[in-house]
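Below is one structure, written out as structure tokens, with a few remarks after it.
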Amino acid sequence: MAHHTKTGGSRGGLVASALSFEEMPTNGWTEVAFMGRSNAGKSSLINALLGARVAHVSNTPGRTQRMNFFAMVQWYLVDLPGFGYAKVSKSDRVRFGQAVEQYLTQRQPLVAGVLIQDARRDPQEEEHMVVDWANSRNILLVVVASKIDRMNRTEQQERQSVLDAQYGRRVLLVSNRTGEGVPAVREAIKGLGLLL
Ligand SMILES: Nc1nc2c(ncn2[C@@H]2O[C@H](COP(=O)(O)OP(=O)(O)O)[C@@H](O)[C@H]2O)c(=O)[nH]1
Ligand SMILES: [Mg+2]
């Protein structure tokens, strides 16, 4: 018992699955929000980062509708619902949209975001909104483009320069399948002063 640290033992543990502020942790740990379109590979990236299957990987878009708080070493990784819930009813879409919007605009411990998109796609309105949100709240944003294992090297280089130009920043290309590029995402998070 004595040689186990409390934080180390619970690393990656789901501590809250929230629909509103009342259900969120109250101890003030820094929060990093993971965002992306459904099916972008967000849960897979979280699992690749933590080296464990903590986040639910689903083939059904929109199944993760709650804001899921995973305990890291004195910070929370927050897995937000994906944008574009194709199979969720319109009222659910509105409700969860508002809850997430309130979280993104008002949550005090939230200092950074990780936006994940499929590297083969161009950013759409939702991705641009995330960039605008981060700029307006002075939130540090890491942009990750997934599924590069689906492209050859030439295509990867082409998408790297196109996405860098579209986002106006360096986009981190990853494969959650092979793990390529994942260490760079880990380093970016550590660069925020957070232990991972
Ligand atoms: N080939 C490939 N498939 C991926 C990658 N990341 C995720 N996927 C697949 O894409 C689908 C959606 O992934 P998931 O992590 O659930 O996406 P989420 O909806 O954004 O959380 C699943 O079938 C994953 O196995 C990747 O880097 N490469
Ligand atoms: Mg998911």
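The chains in the structure tokens are called A, B, ... from first to last as shown; in each chain the residues are counted from 1, and the ligands are counted from 1 in the order shown.
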Using DSSP secondary structure from the backbone, list all strand (DSSP E or B) positions within segment 3-191 of chain A, as a PyMOL selection string. chain A and resi 13-18+30-37+67-71+73+75-79+83+110-118+140-146+172-173
Emit the selected residues as a PDB file, in the first residue's frame, including C-alpha atoms.
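Final output, selection_7.pdb:
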ATOM      1  CA  GLY A  13      -9.392   6.830 -14.462  1.00  0.00           C
ATOM      2  CA  LEU A  14     -12.794   8.202 -15.444  1.00  0.00           C
ATOM      3  CA  VAL A  15     -13.823  10.408 -12.521  1.00  0.00           C
ATOM      4  CA  ALA A  16     -16.841  12.194 -13.976  1.00  0.00           C
ATOM      5  CA  SER A  17     -19.170  11.829 -16.920  1.00  0.00           C
ATOM      6  CA  ALA A  18     -20.924  15.166 -16.952  1.00  0.00           C
ATOM      7  CA  THR A  30      -6.226  22.190 -14.944  1.00  0.00           C
ATOM      8  CA  GLU A  31      -8.358  20.797 -17.775  1.00  0.00           C
ATOM      9  CA  VAL A  32      -7.431  19.993 -21.371  1.00  0.00           C
ATOM     10  CA  ALA A  33     -10.406  19.470 -23.695  1.00  0.00           C
ATOM     11  CA  PHE A  34     -10.214  16.948 -26.533  1.00  0.00           C
ATOM     12  CA  MET A  35     -12.498  17.926 -29.389  1.00  0.00           C
ATOM     13  CA  GLY A  36     -13.341  16.728 -32.856  1.00  0.00           C
ATOM     14  CA  ARG A  37     -15.939  15.580 -35.298  1.00  0.00           C
ATOM     15  CA  MET A  67     -18.157  15.303 -21.104  1.00  0.00           C
ATOM     16  CA  ASN A  68     -15.835  12.649 -19.720  1.00  0.00           C
ATOM     17  CA  PHE A  69     -13.180  13.670 -17.180  1.00  0.00           C
ATOM     18  CA  PHE A  70     -10.135  11.416 -16.914  1.00  0.00           C
ATOM     19  CA  ALA A  71      -7.800  11.968 -13.946  1.00  0.00           C
ATOM     20  CA  VAL A  73      -1.381  13.686 -12.694  1.00  0.00           C
ATOM     21  CA  TRP A  75      -4.962  17.630 -14.357  1.00  0.00           C
ATOM     22  CA  TYR A  76      -8.020  16.354 -16.204  1.00  0.00           C
ATOM     23  CA  LEU A  77      -8.174  15.142 -19.761  1.00  0.00           C
ATOM     24  CA  VAL A  78     -11.714  16.024 -20.852  1.00  0.00           C
ATOM     25  CA  ASP A  79     -13.192  13.995 -23.699  1.00  0.00           C
ATOM     26  CA  PHE A  83     -19.511  17.490 -33.254  1.00  0.00           C
ATOM     27  CA  LEU A 110      -9.920  24.875 -18.942  1.00  0.00           C
ATOM     28  CA  VAL A 111      -6.594  26.147 -20.308  1.00  0.00           C
ATOM     29  CA  ALA A 112      -5.856  24.066 -23.389  1.00  0.00           C
ATOM     30  CA  GLY A 113      -7.511  22.120 -26.171  1.00  0.00           C
ATOM     31  CA  VAL A 114      -6.591  19.316 -28.509  1.00  0.00           C
ATOM     32  CA  LEU A 115      -8.528  19.380 -31.781  1.00  0.00           C
ATOM     33  CA  ILE A 116      -8.450  16.178 -33.775  1.00  0.00           C
ATOM     34  CA  GLN A 117      -9.543  15.735 -37.379  1.00  0.00           C
ATOM     35  CA  ASP A 118      -9.067  13.177 -40.116  1.00  0.00           C
ATOM     36  CA  LEU A 140      -3.635  26.911 -26.114  1.00  0.00           C
ATOM     37  CA  LEU A 141      -4.706  24.688 -28.993  1.00  0.00           C
ATOM     38  CA  VAL A 142      -2.919  21.640 -30.380  1.00  0.00           C
ATOM     39  CA  VAL A 143      -4.273  20.513 -33.755  1.00  0.00           C
ATOM     40  CA  VAL A 144      -3.867  16.819 -34.565  1.00  0.00           C
ATOM     41  CA  ALA A 145      -4.654  15.143 -37.892  1.00  0.00           C
ATOM     42  CA  SER A 146      -5.281  11.395 -37.676  1.00  0.00           C
ATOM     43  CA  LEU A 172       0.611  17.198 -35.801  1.00  0.00           C
ATOM     44  CA  LEU A 173       0.040  14.214 -38.098  1.00  0.00           C
TER      45      LEU A 173
END
Considering only helix (DSSP H, G or I) as DSSP defines it on the backbone, what residues of segment 13-155 of chain A qualify? List them as a PyMOL selection string. chain A and resi 21-23+42-50+90-106+125-137+148-150+153-155
Residue neighbourhood segment 97-109 of chain A, 8 Å, only C-alpha atoms, exclusion window fewer than 4 positions, as a list in words: Leu19, Ser20, Phe21, Gly28, Trp29, Thr30, Glu31, Met67, Leu80, Pro81, Arg93, Trp133 and Arg137 of chain A
In Å to one decimal, how far is atom CA of Gly41 of chain A from atom 19 (O, counted along the ligand's line) of ligand 1? 5.4 Å
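Counting only C-alpha atoms and all ligand atoms, the residue from A:Gly12, A:Pro183, A:Gly82, A:Gly51 that sits nearest to ligand 1 is A:Gly82.
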Could you check the closest approach to ligand 2 for each of A:Ser136, A:Gln65, A:Gln74, A:Asn27 and tell me which residue wins, using only C-alpha atoms and all ligand atoms? A:Gln65
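Separating atom 12 (C, counted along the ligand's line) of ligand 1 from atom CA of Ala40 of chain A is a distance of 5.8 Å.
If you measure from each of A:Val131, A:Gly193, A:Arg153, A:Glu22 to Arg169 of chain A using only C-alpha atoms, the closest one turns out to be A:Val131.
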Selection: 8 Å around segment 178-182 of chain A, only C-alpha atoms, excl. self and same-chain fewer than 4 positions, as a PyMOL selection string: chain A and resi 45+48-49+149+172-174+186
Taking C-alpha atoms for each residue, export the selection above as a compact mmCIF listing (two decimals), in the first residue's frame.
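Saved the output as out-v8.txt:
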# COMPACT_ATOMS: atom_id res chain seq x y z
CA LEU A 45 -5.88 9.21 -29.77
CA ALA A 48 -2.84 5.93 -27.78
CA LEU A 49 -1.65 8.77 -25.55
CA ASP A 149 -1.67 5.25 -42.07
CA LEU A 172 0.61 17.20 -35.80
CA LEU A 173 0.04 14.21 -38.10
CA VAL A 174 -0.63 10.91 -36.33
CA ARG A 186 2.52 13.73 -25.90
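Interatomic distance, atom 25 (O, counted along the ligand's line) of ligand 1 against atom CA of Ser43 of chain A: 8.9 Å.
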